[in-house]
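Trainee: File upload-v7.pdb below, PDB, C-alpha atoms, pLDDT in the B column:
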```
MODEL        1
ATOM      1  CA  MET A   6       0.000   0.000   0.000  1.00 93.00           C
ATOM      2  CA  LYS A   7       1.219   3.498  -0.899  1.00 95.00           C
ATOM      3  CA  LEU A   8       0.301   6.794   0.749  1.00 97.00           C
ATOM      4  CA  ILE A   9       0.753  10.059  -1.174  1.00 97.00           C
ATOM      5  CA  VAL A  10       0.139  13.133   0.961  1.00 98.00           C
ATOM      6  CA  GLY A  11      -0.336  16.700  -0.215  1.00 97.00           C
ATOM      7  CA  LEU A  12       0.168  19.343   2.464  1.00 96.00           C
ATOM      8  CA  GLY A  13      -1.950  22.457   2.729  1.00 95.00           C
ATOM      9  CA  ASN A  14      -4.582  24.241   4.746  1.00 95.00           C
ATOM     10  CA  PRO A  15      -8.291  23.450   4.501  1.00 95.00           C
ATOM     11  CA  GLY A  16     -10.902  26.027   3.611  1.00 92.00           C
ATOM     12  CA  ARG A  17     -11.705  28.331   0.718  1.00 93.00           C
ATOM     13  CA  GLU A  18      -9.667  31.195   2.188  1.00 93.00           C
ATOM     14  CA  TYR A  19      -6.473  29.141   1.721  1.00 94.00           C
ATOM     15  CA  GLU A  20      -7.141  27.937  -1.822  1.00 92.00           C
ATOM     16  CA  LYS A  21      -4.407  28.984  -4.240  1.00 94.00           C
ATOM     17  CA  THR A  22      -2.036  30.107  -1.489  1.00 93.00           C
ATOM     18  CA  ARG A  23       1.672  29.304  -1.521  1.00 93.00           C
ATOM     19  CA  HIS A  24       1.348  26.970   1.468  1.00 92.00           C
ATOM     20  CA  ASN A  25      -1.148  24.808  -0.463  1.00 95.00           C
ATOM     21  CA  MET A  26       1.266  23.523  -3.123  1.00 95.00           C
ATOM     22  CA  GLY A  27       0.797  19.973  -1.863  1.00 97.00           C
ATOM     23  CA  PHE A  28      -2.985  20.168  -2.135  1.00 97.00           C
ATOM     24  CA  MET A  29      -2.828  21.662  -5.633  1.00 97.00           C
ATOM     25  CA  ALA A  30      -0.319  19.115  -6.933  1.00 98.00           C
ATOM     26  CA  LEU A  31      -2.261  16.203  -5.416  1.00 98.00           C
ATOM     27  CA  ASP A  32      -5.516  17.514  -6.887  1.00 97.00           C
ATOM     28  CA  ARG A  33      -3.904  17.570 -10.339  1.00 97.00           C
ATOM     29  CA  TYR A  34      -2.661  14.004  -9.926  1.00 98.00           C
ATOM     30  CA  ALA A  35      -6.059  12.828  -8.659  1.00 98.00           C
ATOM     31  CA  LYS A  36      -7.748  14.408 -11.662  1.00 97.00           C
ATOM     32  CA  GLU A  37      -5.339  12.619 -14.017  1.00 95.00           C
ATOM     33  CA  LYS A  38      -6.075   9.306 -12.269  1.00 96.00           C
ATOM     34  CA  GLY A  39      -9.833   9.922 -12.119  1.00 96.00           C
ATOM     35  CA  VAL A  40      -9.800   9.763  -8.310  1.00 97.00           C
ATOM     36  CA  SER A  41     -12.082  11.824  -6.089  1.00 97.00           C
ATOM     37  CA  ILE A  42     -10.462  13.012  -2.854  1.00 97.00           C
ATOM     38  CA  ALA A  43     -13.743  13.279  -0.973  1.00 96.00           C
ATOM     39  CA  LYS A  44     -13.861  10.544   1.672  1.00 97.00           C
ATOM     40  CA  SER A  45     -13.268  11.664   5.253  1.00 97.00           C
ATOM     41  CA  LYS A  46     -11.326   9.795   7.935  1.00 97.00           C
ATOM     42  CA  PHE A  47      -9.019  10.702  10.845  1.00 96.00           C
ATOM     43  CA  GLY A  48      -9.179  14.422  10.076  1.00 96.00           C
ATOM     44  CA  GLY A  49      -8.231  14.033   6.426  1.00 97.00           C
ATOM     45  CA  LEU A  50      -9.831  13.920   3.010  1.00 97.00           C
ATOM     46  CA  TYR A  51      -8.712  10.997   0.918  1.00 98.00           C
ATOM     47  CA  GLY A  52      -9.310   9.027  -2.211  1.00 98.00           C
ATOM     48  CA  GLU A  53      -7.922   5.702  -3.284  1.00 96.00           C
ATOM     49  CA  TYR A  54      -7.303   3.672  -6.383  1.00 96.00           C
ATOM     50  CA  ASN A  55      -5.801   0.346  -7.289  1.00 94.00           C
ATOM     51  CA  ASP A  56      -2.572   0.306  -9.276  1.00 91.00           C
ATOM     52  CA  GLN A  57      -1.729  -3.151 -10.594  1.00 87.00           C
ATOM     53  CA  GLY A  58      -3.025  -4.811  -7.445  1.00 90.00           C
ATOM     54  CA  GLU A  59      -1.616  -2.286  -4.990  1.00 92.00           C
ATOM     55  CA  LYS A  60      -3.816   0.181  -3.111  1.00 95.00           C
ATOM     56  CA  VAL A  61      -2.769   3.833  -3.374  1.00 96.00           C
ATOM     57  CA  ILE A  62      -4.235   6.423  -0.978  1.00 98.00           C
ATOM     58  CA  LEU A  63      -4.178  10.123  -1.851  1.00 98.00           C
ATOM     59  CA  LEU A  64      -4.487  12.178   1.356  1.00 98.00           C
ATOM     60  CA  LYS A  65      -5.077  15.841   2.127  1.00 98.00           C
ATOM     61  CA  PRO A  66      -4.883  16.399   5.919  1.00 97.00           C
ATOM     62  CA  GLN A  67      -7.584  18.820   7.084  1.00 97.00           C
ATOM     63  CA  LYS A  68      -6.220  19.783  10.513  1.00 92.00           C
ATOM     64  CA  TYR A  69      -4.200  22.679   9.092  1.00 89.00           C
ATOM     65  CA  ILE A  70      -0.691  22.232   7.837  1.00 91.00           C
ATOM     66  CA  ASN A  71       0.974  22.511  11.267  1.00 92.00           C
ATOM     67  CA  LEU A  72      -0.973  19.464  12.517  1.00 94.00           C
ATOM     68  CA  SER A  73      -0.588  17.276   9.413  1.00 94.00           C
ATOM     69  CA  GLY A  74       1.445  14.695  11.311  1.00 95.00           C
ATOM     70  CA  GLU A  75      -1.507  13.756  13.520  1.00 96.00           C
ATOM     71  CA  VAL A  76      -3.588  12.828  10.482  1.00 96.00           C
ATOM     72  CA  LEU A  77      -0.698  10.977   8.860  1.00 96.00           C
ATOM     73  CA  ARG A  78       0.019   8.997  12.025  1.00 96.00           C
ATOM     74  CA  ASP A  79      -3.566   7.784  12.203  1.00 97.00           C
ATOM     75  CA  PHE A  80      -3.601   6.681   8.544  1.00 97.00           C
ATOM     76  CA  VAL A  81      -0.251   4.920   8.927  1.00 96.00           C
ATOM     77  CA  LYS A  82      -1.416   3.038  12.042  1.00 96.00           C
ATOM     78  CA  PHE A  83      -4.841   2.106  10.670  1.00 97.00           C
ATOM     79  CA  TYR A  84      -3.610   0.906   7.266  1.00 96.00           C
ATOM     80  CA  LYS A  85      -0.246  -0.408   8.571  1.00 96.00           C
ATOM     81  CA  ILE A  86       1.702   1.599   5.991  1.00 96.00           C
ATOM     82  CA  ASP A  87       5.493   1.326   5.938  1.00 95.00           C
ATOM     83  CA  ILE A  88       7.410   4.618   6.124  1.00 94.00           C
ATOM     84  CA  GLU A  89       9.093   3.622   2.837  1.00 94.00           C
ATOM     85  CA  ASP A  90       5.678   3.737   1.166  1.00 95.00           C
ATOM     86  CA  ILE A  91       4.896   7.357   2.132  1.00 96.00           C
ATOM     87  CA  LEU A  92       5.534  10.330  -0.141  1.00 97.00           C
ATOM     88  CA  ILE A  93       4.851  13.917   0.990  1.00 96.00           C
ATOM     89  CA  ILE A  94       4.307  16.844  -1.418  1.00 97.00           C
ATOM     90  CA  HIS A  95       4.881  20.296   0.098  1.00 95.00           C
ATOM     91  CA  ASP A  96       5.930  23.889  -0.492  1.00 94.00           C
ATOM     92  CA  ASP A  97       9.506  25.069  -0.037  1.00 92.00           C
ATOM     93  CA  LEU A  98      10.575  28.685   0.554  1.00 89.00           C
ATOM     94  CA  ASP A  99      14.184  28.016  -0.430  1.00 89.00           C
ATOM     95  CA  LEU A 100      13.408  26.999  -4.021  1.00 93.00           C
ATOM     96  CA  GLU A 101      12.444  29.304  -6.860  1.00 94.00           C
ATOM     97  CA  LEU A 102       8.760  29.336  -7.728  1.00 95.00           C
ATOM     98  CA  GLY A 103       7.823  26.131  -9.520  1.00 94.00           C
ATOM     99  CA  ARG A 104      11.181  24.439  -9.082  1.00 96.00           C
ATOM    100  CA  ILE A 105      11.021  20.857  -7.836  1.00 96.00           C
ATOM    101  CA  ARG A 106      13.426  19.002  -5.564  1.00 95.00           C
ATOM    102  CA  LEU A 107      13.048  15.392  -4.472  1.00 96.00           C
ATOM    103  CA  ARG A 108      14.499  14.139  -1.186  1.00 93.00           C
ATOM    104  CA  TYR A 109      14.491  10.817   0.597  1.00 89.00           C
ATOM    105  CA  GLN A 110      15.310  12.237   4.007  1.00 82.00           C
ATOM    106  CA  GLY A 111      16.400  15.406   5.705  1.00 78.00           C
ATOM    107  CA  SER A 112      15.371  18.144   8.053  1.00 75.00           C
ATOM    108  CA  SER A 113      12.107  20.039   8.030  1.00 67.00           C
ATOM    109  CA  GLY A 114      13.922  23.173   6.875  1.00 70.00           C
ATOM    110  CA  GLY A 115      11.729  25.149   9.284  1.00 71.00           C
ATOM    111  CA  HIS A 116       8.487  23.884   7.681  1.00 80.00           C
ATOM    112  CA  ASN A 117       6.059  23.414  10.584  1.00 77.00           C
ATOM    113  CA  GLY A 118       4.003  20.802   8.736  1.00 87.00           C
ATOM    114  CA  LEU A 119       7.107  18.654   8.252  1.00 88.00           C
ATOM    115  CA  LYS A 120       8.144  19.178  11.875  1.00 92.00           C
ATOM    116  CA  ASN A 121       4.760  17.827  12.972  1.00 94.00           C
ATOM    117  CA  ILE A 122       5.035  14.869  10.600  1.00 94.00           C
ATOM    118  CA  GLU A 123       8.492  14.024  11.942  1.00 93.00           C
ATOM    119  CA  LEU A 124       7.183  14.270  15.507  1.00 92.00           C
ATOM    120  CA  HIS A 125       4.291  11.871  14.846  1.00 94.00           C
ATOM    121  CA  LEU A 126       6.091   9.438  12.538  1.00 92.00           C
ATOM    122  CA  GLY A 127       9.230   9.439  14.673  1.00 91.00           C
ATOM    123  CA  THR A 128      11.541   9.805  11.673  1.00 91.00           C
ATOM    124  CA  LYS A 129      12.915  12.261   9.119  1.00 90.00           C
ATOM    125  CA  ASN A 130      13.411   9.455   6.620  1.00 91.00           C
ATOM    126  CA  TYR A 131      10.457   9.705   4.280  1.00 93.00           C
ATOM    127  CA  LYS A 132      10.194  10.610   0.610  1.00 96.00           C
ATOM    128  CA  ARG A 133       9.209  14.122  -0.321  1.00 95.00           C
ATOM    129  CA  ILE A 134       8.587  16.292  -3.335  1.00 97.00           C
ATOM    130  CA  LYS A 135       9.361  19.927  -2.578  1.00 96.00           C
ATOM    131  CA  ILE A 136       7.726  22.583  -4.747  1.00 97.00           C
ATOM    132  CA  GLY A 137       9.393  25.988  -4.720  1.00 95.00           C
ATOM    133  CA  ILE A 138       7.410  29.055  -3.751  1.00 94.00           C
ATOM    134  CA  SER A 139      10.396  31.454  -3.678  1.00 90.00           C
ATOM    135  CA  ASN A 140      10.760  33.801  -0.744  1.00 86.00           C
ATOM    136  CA  ASN A 141      10.056  37.484  -0.318  1.00 82.00           C
ATOM    137  CA  LYS A 142      12.170  38.681   2.602  1.00 78.00           C
ATOM    138  CA  GLN A 143      10.227  41.977   2.679  1.00 81.00           C
ATOM    139  CA  ILE A 144       7.039  40.171   3.747  1.00 84.00           C
ATOM    140  CA  ASP A 145       6.634  38.307   7.041  1.00 82.00           C
ATOM    141  CA  THR A 146       7.075  34.588   6.308  1.00 81.00           C
ATOM    142  CA  LYS A 147       3.644  33.647   7.690  1.00 83.00           C
ATOM    143  CA  ASP A 148       1.933  36.288   5.553  1.00 86.00           C
ATOM    144  CA  TYR A 149       3.960  35.270   2.513  1.00 87.00           C
ATOM    145  CA  VAL A 150       3.210  31.522   2.655  1.00 84.00           C
ATOM    146  CA  LEU A 151      -0.476  32.218   3.316  1.00 88.00           C
ATOM    147  CA  GLY A 152      -0.565  34.788   0.511  1.00 90.00           C
ATOM    148  CA  HIS A 153      -2.523  34.085  -2.656  1.00 93.00           C
ATOM    149  CA  LEU A 154      -0.710  33.266  -5.870  1.00 93.00           C
ATOM    150  CA  SER A 155      -1.138  35.642  -8.787  1.00 93.00           C
ATOM    151  CA  LYS A 156      -2.629  34.523 -12.098  1.00 95.00           C
ATOM    152  CA  GLU A 157       0.884  34.630 -13.602  1.00 95.00           C
ATOM    153  CA  GLU A 158       2.281  32.462 -10.803  1.00 94.00           C
ATOM    154  CA  LEU A 159      -0.559  29.956 -11.181  1.00 95.00           C
ATOM    155  CA  LYS A 160       0.089  29.779 -14.920  1.00 95.00           C
ATOM    156  CA  GLN A 161       3.785  29.140 -14.245  1.00 93.00           C
ATOM    157  CA  LEU A 162       2.880  26.394 -11.760  1.00 96.00           C
ATOM    158  CA  ASP A 163       0.672  24.594 -14.267  1.00 95.00           C
ATOM    159  CA  HIS A 164       3.777  22.959 -15.780  1.00 95.00           C
ATOM    160  CA  THR A 165       5.092  22.154 -12.293  1.00 96.00           C
ATOM    161  CA  PHE A 166       1.927  20.269 -11.349  1.00 97.00           C
ATOM    162  CA  ASP A 167       2.114  18.306 -14.610  1.00 96.00           C
ATOM    163  CA  LEU A 168       5.715  17.443 -13.745  1.00 96.00           C
ATOM    164  CA  VAL A 169       4.677  16.210 -10.284  1.00 97.00           C
ATOM    165  CA  THR A 170       2.185  13.893 -11.993  1.00 97.00           C
ATOM    166  CA  HIS A 171       4.998  12.473 -14.155  1.00 97.00           C
ATOM    167  CA  ILE A 172       7.198  12.045 -11.074  1.00 97.00           C
ATOM    168  CA  LEU A 173       4.453  10.158  -9.230  1.00 97.00           C
ATOM    169  CA  GLU A 174       3.966   7.887 -12.226  1.00 95.00           C
ATOM    170  CA  ASP A 175       7.724   7.245 -12.457  1.00 95.00           C
ATOM    171  CA  THR A 176       7.851   6.205  -8.784  1.00 94.00           C
ATOM    172  CA  LYS A 177       5.761   3.171  -9.763  1.00 90.00           C
ATOM    173  CA  THR A 178       8.394   1.735 -12.101  1.00 91.00           C
ATOM    174  CA  MET A 179      11.661   3.278 -10.855  1.00 94.00           C
ATOM    175  CA  THR A 180      13.459   3.352  -7.522  1.00 94.00           C
ATOM    176  CA  PHE A 181      13.093   6.681  -5.729  1.00 95.00           C
ATOM    177  CA  HIS A 182      16.853   7.136  -6.035  1.00 95.00           C
ATOM    178  CA  ASN A 183      16.578   6.884  -9.837  1.00 96.00           C
ATOM    179  CA  VAL A 184      13.577   9.235  -9.863  1.00 96.00           C
ATOM    180  CA  MET A 185      15.634  11.758  -7.860  1.00 96.00           C
ATOM    181  CA  ASN A 186      18.483  11.459 -10.363  1.00 96.00           C
ATOM    182  CA  LYS A 187      16.069  12.028 -13.249  1.00 96.00           C
ATOM    183  CA  TYR A 188      14.302  15.111 -11.856  1.00 95.00           C
ATOM    184  CA  ASN A 189      16.741  16.858  -9.470  1.00 94.00           C
ATOM    185  CA  LYS A 190      18.548  19.281 -11.729  1.00 79.00           C
TER     186      LYS A 190
ENDMDL
END
```
Would you mind writing the file's structure down as structure tokens?
Mentor:
Amino acid sequence: MKLIVGLGNPGREYEKTRHNMGFMALDRYAKEKGVSIAKSKFGGLYGEYNDQGEKVILLKPQKYINLSGEVLRDFVKFYKIDIEDILIIHDDLDLELGRIRLRYQGSSGGHNGLKNIELHLGTKNYKRIKIGISNNKQIDTKDYVLGHLSKEELKQLDHTFDLVTHILEDTKTMTFHNVMNKYNK
């Protein structure tokens, strides 16, 4: 069983904000797969599909990004998911807008959602797809990550979300190490 998690904040007021990169990318992937992320369990919205006999769960935690780990922990325990089978999609302030970086492990980089995940999973060793949101040092970080993306930024991210879909498809047939080598440029 695989668990793909998009991080973000629930509610209309947070739609199309920088902190919701994970939600937006996961929504694009779900649309491509014909999966509805509408079931509710353990404080998360999820959808599932079968990929060549293996169940894949697409999860959007709904307890706000800083409490994402609580939702993840409950899904992992209930479905008995191995840490190796989890992939997290999230925003990253240190990457240019739309740039993607894949990692197998590492620190939270100050991302409170990742800190909470590490606290509740008890490890920093999980796969992640980071999506760059750039950084504007003239705006308070909280205000910046919760700020809405412009039409131009959303247009630029359209290609990024397509790329995330390709990455997720490649993880089915390639090792994550090889996927990192292919996409980390």
Trainee: Decode the PyMOL selection byres ((chain A and resi 106) around 7) for the given file into explicit residues and return them as a list in words.
Mentor: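 Taken over the shown coordinates, the PyMOL selection byres ((chain A and resi 106) around 7) returns Arg104, Ile105, Leu107, Arg108, Ile134, Lys135, Ile136 and Asn189 of chain A.
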Trainee: Tell me, counting all atoms listed in the file, for each residue of segment 31-78 of chain A within 6 Å of segment 109-127 of chain A, which pair of atoms is nearest and how far apart they are in Å to one decimal, in rows ordered by chain and increasing number, as a Markdown table.
Mentor:
```
| residue | atom | partner | partner_atom | distance |
| --- | --- | --- | --- | --- |
| A:Ile70 | CA | A:Gly118 | CA | 5.0 |
| A:Asn71 | CA | A:Gly118 | CA | 4.3 |
| A:Leu72 | CA | A:Asn121 | CA | 6.0 |
| A:Ser73 | CA | A:Gly118 | CA | 5.8 |
| A:Gly74 | CA | A:Ile122 | CA | 3.7 |
| A:Arg78 | CA | A:His125 | CA | 5.9 |
```
Trainee: In Å, how far is it from atom CA of Phe28 of chain A to atom CA of Asn14 of chain A?
Mentor: 8.2 Å
Trainee: Between A:Leu102, A:Leu64, A:Met185, A:Val150, which one has atoms that come closest to Ile9 of chain A, using all atoms listed in the file?
Mentor: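 Among the listed residues, the smallest separation from Ile9 of chain A belongs to A:Leu64.
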Trainee: Out of A:Gly103, A:Lys85, A:Lys142, A:Lys65, which residue has the shortest atom-to-atom distance to His164 of chain A when counting all atoms listed in the file?
Mentor: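 That would be A:Gly103, the residue with the smallest distance to His164 of chain A.
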Trainee: Take atom CA of Ser139 of chain A and atom CA of Glu157 of chain A and report the distance between them in Å, one decimal.
Mentor: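 For atom CA of Ser139 of chain A relative to atom CA of Glu157 of chain A, the distance reads 14.1 Å.
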Trainee: Looking at A:Val40, A:Met6, A:Met26, A:Ile172, which one is nearest to Glu89 of chain A, with distances taken over all atoms listed in the file?
Mentor: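 Among the listed residues, the smallest separation from Glu89 of chain A belongs to A:Met6.
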Trainee: Suppose you want the space between atom CA of Leu151 of chain A and atom CA of Asn25 of chain A; what is it in Å?
Mentor: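 Taking atom CA of Leu151 of chain A as the start and atom CA of Asn25 of chain A as the end point, the length is 8.3 Å.
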Trainee: Could you spell out the hits of the PyMOL selection byres ((chain A and resi 149) around 10) on the shown file, as a short mmCIF file (atom, residue, chain, number, x, y, z; two decimals) with C-alpha atoms, in the frame of the given file?
Mentor:
```cif
data_model
loop_
_atom_site.label_atom_id
_atom_site.label_comp_id
_atom_site.auth_asym_id
_atom_site.auth_seq_id
_atom_site.Cartn_x
_atom_site.Cartn_y
_atom_site.Cartn_z
CA THR A 22 -2.04 30.11 -1.49
CA ARG A 23 1.67 29.30 -1.52
CA HIS A 24 1.35 26.97 1.47
CA LEU A 98 10.58 28.68 0.55
CA ILE A 138 7.41 29.06 -3.75
CA SER A 139 10.40 31.45 -3.68
CA ASN A 140 10.76 33.80 -0.74
CA ASN A 141 10.06 37.48 -0.32
CA LYS A 142 12.17 38.68 2.60
CA GLN A 143 10.23 41.98 2.68
CA ILE A 144 7.04 40.17 3.75
CA ASP A 145 6.63 38.31 7.04
CA THR A 146 7.08 34.59 6.31
CA LYS A 147 3.64 33.65 7.69
CA ASP A 148 1.93 36.29 5.55
CA VAL A 150 3.21 31.52 2.66
CA LEU A 151 -0.48 32.22 3.32
CA GLY A 152 -0.56 34.79 0.51
CA HIS A 153 -2.52 34.08 -2.66
CA LEU A 154 -0.71 33.27 -5.87
#
```
Trainee: Quick one: of A:Ile42, A:Gln161, A:Glu53, A:Met179, who's nearest to Pro66 of chain A, counting all atoms listed in the file?
Mentor: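 Looking at the shortest contact to Pro66 of chain A, the residue is A:Ile42.
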Trainee: When you look at Gly48 of chain A with a cut-off of 8 Å (counting only C-alpha atoms), what residues show up, excluding the ones that are within fewer than 2 positions of it in the same chain? I need them as a list in words.
Mentor: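 Once the nearby chain positions are removed, what remains is Ser45, Lys46, Leu50, Pro66, Gln67, Lys68 and Val76 of chain A.
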